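Student: The structure follows.
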Amino acid sequence: MSGCGKTSAAKKLFIKPTDQVAIFDPLNDYEGKLAGRVVRSYSNLRDFAAAVIAGRKTKQGFKIAYYPKRETTEEDFDKFCSIAWGAGDGKHAKPLKVICEEVAEHSNTAGKATGYHGKLLRLGRKYGIHTINMFQRGQEVSKTIIDNCQFACVMMQKADDSAHYIQRKTGIYSRDIITLEKLEYILQDGKKWRKGKIIW
């Protein structure tokens, strides 16, 4: 649910200082530093693409965000994903970690993922791309996200039916999901999971 700590989970659980990271950041949640590194934000998609491509030509870590400074659309998200797709390289020394914020706001289906986001989800790992998808309700986003993910980070839910839906999709017991409080999470790796809490 809103305010449970989704962005905090992305920052604390999945990103390291040496990672190469591209971020779809429509609400400017990543301004400042991420994993101790300054996030370079670009409002122009061409400038964002140039920065990512330049970064991928090195083995150095980077944190680069696309923040359009206006209300974003599904088309904006697809263009961001196309740049991430183009930066994939299965032979690169580092994977490209792609953070996709507000996925439900920028997709129009709960079925099979479409466009470049679908390519990232289904084929990304082959090309060294690891996507991190952020959303509030699993029922509102493509089933491809949950079906294809290695890791699932489940946080506080507002309604019990959301917890039951997540159990059906992941196998994590709804009784454990329902008890989660703010900043608490269940991190699933494959079919195994553990509980934890984000500490700042």
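Quick note on naming: the chains in the structure tokens go A, B, ... in the order shown, residues restart at 1 in each chain, and ligands are numbered from 1 in order of appearance.
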Would you list the contacts of Tyr165 (chain A) as a list of chain:residue names, taking every protein, DNA or RNA residue within 12 Å and counting only C-alpha atoms, but skipping same-chain residues closer than 4 positions in sequence?
Tutor: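 The neighbour list is A:Arg137, A:Gly138, A:Gln139, A:Glu140, A:Lys143, A:Ile146, A:Val154, A:Gln157, A:Ala159, A:Asp160, A:Asp161, A:Lys169, A:Thr170, A:Gly171, A:Ile172, A:Tyr173, A:Ser174, A:Arg175, A:Ile177, A:Ile178.
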Student: Taking only region 20-126 of chain A into account, list the residues labelled alpha helix (DSSP H) by DSSP (computed from the backbone), as a ChimeraX atom specification.
Tutor: /A:45-56,74-86,115-123
Student: Take the residues from that selection and put them in a file with N, CA and C atoms, as a compact mmCIF listing (two decimals), in the first residue's frame.
Tutor:
```txt
# COMPACT_ATOMS: atom_id res chain seq x y z
N LEU A 45 14.66 12.68 -22.56
CA LEU A 45 14.90 11.26 -22.81
C LEU A 45 16.18 11.02 -23.61
N ARG A 46 16.49 11.91 -24.53
CA ARG A 46 17.70 11.76 -25.33
C ARG A 46 18.95 11.86 -24.44
N ASP A 47 18.93 12.83 -23.51
CA ASP A 47 20.07 13.00 -22.61
C ASP A 47 20.20 11.80 -21.67
N PHE A 48 19.05 11.31 -21.21
CA PHE A 48 19.05 10.12 -20.35
C PHE A 48 19.66 8.93 -21.10
N ALA A 49 19.23 8.73 -22.33
CA ALA A 49 19.73 7.61 -23.13
C ALA A 49 21.23 7.72 -23.34
N ALA A 50 21.71 8.92 -23.67
CA ALA A 50 23.14 9.12 -23.90
C ALA A 50 23.94 8.79 -22.65
N ALA A 51 23.42 9.19 -21.48
CA ALA A 51 24.13 8.93 -20.23
C ALA A 51 24.19 7.44 -19.92
N VAL A 52 23.09 6.73 -20.15
CA VAL A 52 23.06 5.28 -19.90
C VAL A 52 24.01 4.56 -20.85
N ILE A 53 23.97 4.91 -22.11
CA ILE A 53 24.83 4.26 -23.10
C ILE A 53 26.31 4.50 -22.77
N ALA A 54 26.64 5.74 -22.37
CA ALA A 54 28.02 6.04 -21.99
C ALA A 54 28.43 5.24 -20.76
N GLY A 55 27.52 5.13 -19.80
CA GLY A 55 27.82 4.37 -18.59
C GLY A 55 28.05 2.89 -18.87
N ARG A 56 27.27 2.35 -19.81
CA ARG A 56 27.39 0.92 -20.12
C ARG A 56 28.68 0.59 -20.88
N GLU A 74 2.00 6.22 -20.50
CA GLU A 74 2.44 4.87 -20.87
C GLU A 74 3.51 4.93 -21.96
N GLU A 75 3.39 5.90 -22.86
CA GLU A 75 4.38 6.06 -23.93
C GLU A 75 5.75 6.42 -23.36
N ASP A 76 5.77 7.30 -22.34
CA ASP A 76 7.03 7.66 -21.68
C ASP A 76 7.69 6.41 -21.10
N PHE A 77 6.88 5.60 -20.44
CA PHE A 77 7.40 4.39 -19.81
C PHE A 77 7.94 3.42 -20.85
N ASP A 78 7.23 3.27 -21.96
CA ASP A 78 7.68 2.35 -23.00
C ASP A 78 8.99 2.84 -23.62
N LYS A 79 9.13 4.15 -23.82
CA LYS A 79 10.37 4.69 -24.36
C LYS A 79 11.53 4.47 -23.39
N PHE A 80 11.27 4.67 -22.10
CA PHE A 80 12.30 4.37 -21.09
C PHE A 80 12.72 2.91 -21.18
N CYS A 81 11.73 2.02 -21.24
CA CYS A 81 12.04 0.58 -21.32
C CYS A 81 12.79 0.23 -22.60
N SER A 82 12.50 0.94 -23.69
CA SER A 82 13.21 0.66 -24.94
C SER A 82 14.68 1.02 -24.82
N ILE A 83 14.98 2.08 -24.08
CA ILE A 83 16.38 2.47 -23.86
C ILE A 83 17.08 1.42 -22.99
N ALA A 84 16.40 0.98 -21.94
CA ALA A 84 16.97 -0.06 -21.08
C ALA A 84 17.21 -1.34 -21.88
N TRP A 85 16.25 -1.69 -22.73
CA TRP A 85 16.39 -2.88 -23.57
C TRP A 85 17.61 -2.75 -24.49
N GLY A 86 17.77 -1.58 -25.08
CA GLY A 86 18.89 -1.35 -25.98
C GLY A 86 20.24 -1.36 -25.28
N GLY A 115 4.86 -4.37 -25.15
CA GLY A 115 5.89 -3.38 -25.44
C GLY A 115 7.26 -3.78 -24.91
N TYR A 116 8.10 -2.78 -24.73
CA TYR A 116 9.46 -3.05 -24.28
C TYR A 116 9.52 -3.49 -22.82
N HIS A 117 8.54 -3.11 -22.02
CA HIS A 117 8.49 -3.60 -20.65
C HIS A 117 8.34 -5.12 -20.66
N GLY A 118 7.48 -5.63 -21.54
CA GLY A 118 7.32 -7.07 -21.67
C GLY A 118 8.60 -7.76 -22.09
N LYS A 119 9.35 -7.14 -23.01
CA LYS A 119 10.64 -7.70 -23.42
C LYS A 119 11.61 -7.77 -22.24
N LEU A 120 11.64 -6.71 -21.45
CA LEU A 120 12.53 -6.70 -20.28
C LEU A 120 12.19 -7.84 -19.32
N LEU A 121 10.90 -8.04 -19.12
CA LEU A 121 10.45 -9.05 -18.16
C LEU A 121 10.72 -10.47 -18.65
N ARG A 122 10.46 -10.71 -19.91
CA ARG A 122 10.56 -12.08 -20.43
C ARG A 122 11.96 -12.47 -20.88
N LEU A 123 12.70 -11.50 -21.43
CA LEU A 123 13.99 -11.82 -22.04
C LEU A 123 15.17 -11.08 -21.42
```
Student: Report as a PyMOL selection string all protein, DNA and RNA residues lying within 9 Å of Thr131 (chain A), evaluated on only C-alpha atoms, omitting residues in the same chain fewer than 5 positions from it.
Tutor: chain A and resi 96-100+120-121+124-125+149
Student: Find, counting only C-alpha atoms, the residue in A:Ala65, A:Ala22, A:Ile166, A:Ala35 that gets nearest to Trp200 (chain A).
Tutor: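 The shortest atom-to-atom distance to Trp200 (chain A) comes from A:Ala35.
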Student: Nearest residue to Ile129 (chain A) out of A:Lys158, A:Arg168, A:His106, A:His92, using only C-alpha atoms?
Tutor: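 Distance minimum relative to Ile129 (chain A) lands on A:His92.
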Student: Give me the residues within 7 Å of Lys63 (chain A) as number ranges by chain, counting only C-alpha atoms and dropping any in the same chain fewer than 6 places off.
Tutor: A: 20-22, 37-40
Student: So which residues touch Pro95 (chain A) within 8 Å, counting only C-alpha atoms, skipping near sequence neighbours fewer than 6 positions away, as a PyMOL selection string?
Tutor: chain A and resi 19-20+88-89+128-130
Student: DSSP on the backbone: what in region 101-196 of chain A comes out strand (DSSP E), as a count of residues only?
Tutor: 20
Student: May I have the residues within 10 Å of Ile199 (chain A) as a list of chain:residue names, using only C-alpha atoms and disregarding those fewer than 6 positions away in the same chain?
Tutor: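 Contacts, in chain order: A:Ser8, A:Ala9, A:Lys12, A:Leu183, A:Glu184.
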Student: What's the separation between CA of Thr144 (chain A) and CA of Ile15 (chain A), in Å to one decimal place?
Tutor: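 For CA of Thr144 (chain A) relative to CA of Ile15 (chain A), the distance reads 22.4 Å.
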Student: Nearest to Ser107 (chain A) among A:Ser162, A:Gln167, A:Asn133, A:Thr18, with distances taken over only C-alpha atoms: which residue is it?
Tutor: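 Closest residue, counting only C-alpha atoms: A:Asn133.
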Student: When you look at Leu180 (chain A) with a cut-off of 8 Å (counting only C-alpha atoms), what residues show up, excluding the ones that are within fewer than 5 positions of it in the same chain? I need them as a PDB file with C-alpha atoms, in the first residue's frame.
Tutor:
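Final output, part29.pdb:
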```
ATOM      1  CA  MET A 155       5.082  -5.377   1.965  1.00  0.00           C
ATOM      2  CA  MET A 156       2.126  -4.105   3.994  1.00  0.00           C
ATOM      3  CA  GLN A 157      -1.259  -4.567   2.281  1.00  0.00           C
ATOM      4  CA  TYR A 185       8.696  -7.180   4.243  1.00  0.00           C
TER       5      TYR A 185
END
```
Student: In terms of the shortest atom-to-atom distance over only C-alpha atoms, which of A:Leu34, A:Ile198, A:Met1, A:Val103 is closest to Ile132 (chain A)?
Tutor: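 Of A:Leu34, A:Ile198, A:Met1, A:Val103, the one nearest Ile132 (chain A), counting only C-alpha atoms, is A:Val103.
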Student: For the atom pair CA of Ala93 (chain A) and CA of Phe14 (chain A), what is the interatomic distance in Å to one decimal place?
Tutor: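 That distance, rounded to one decimal, is 17.8 Å.
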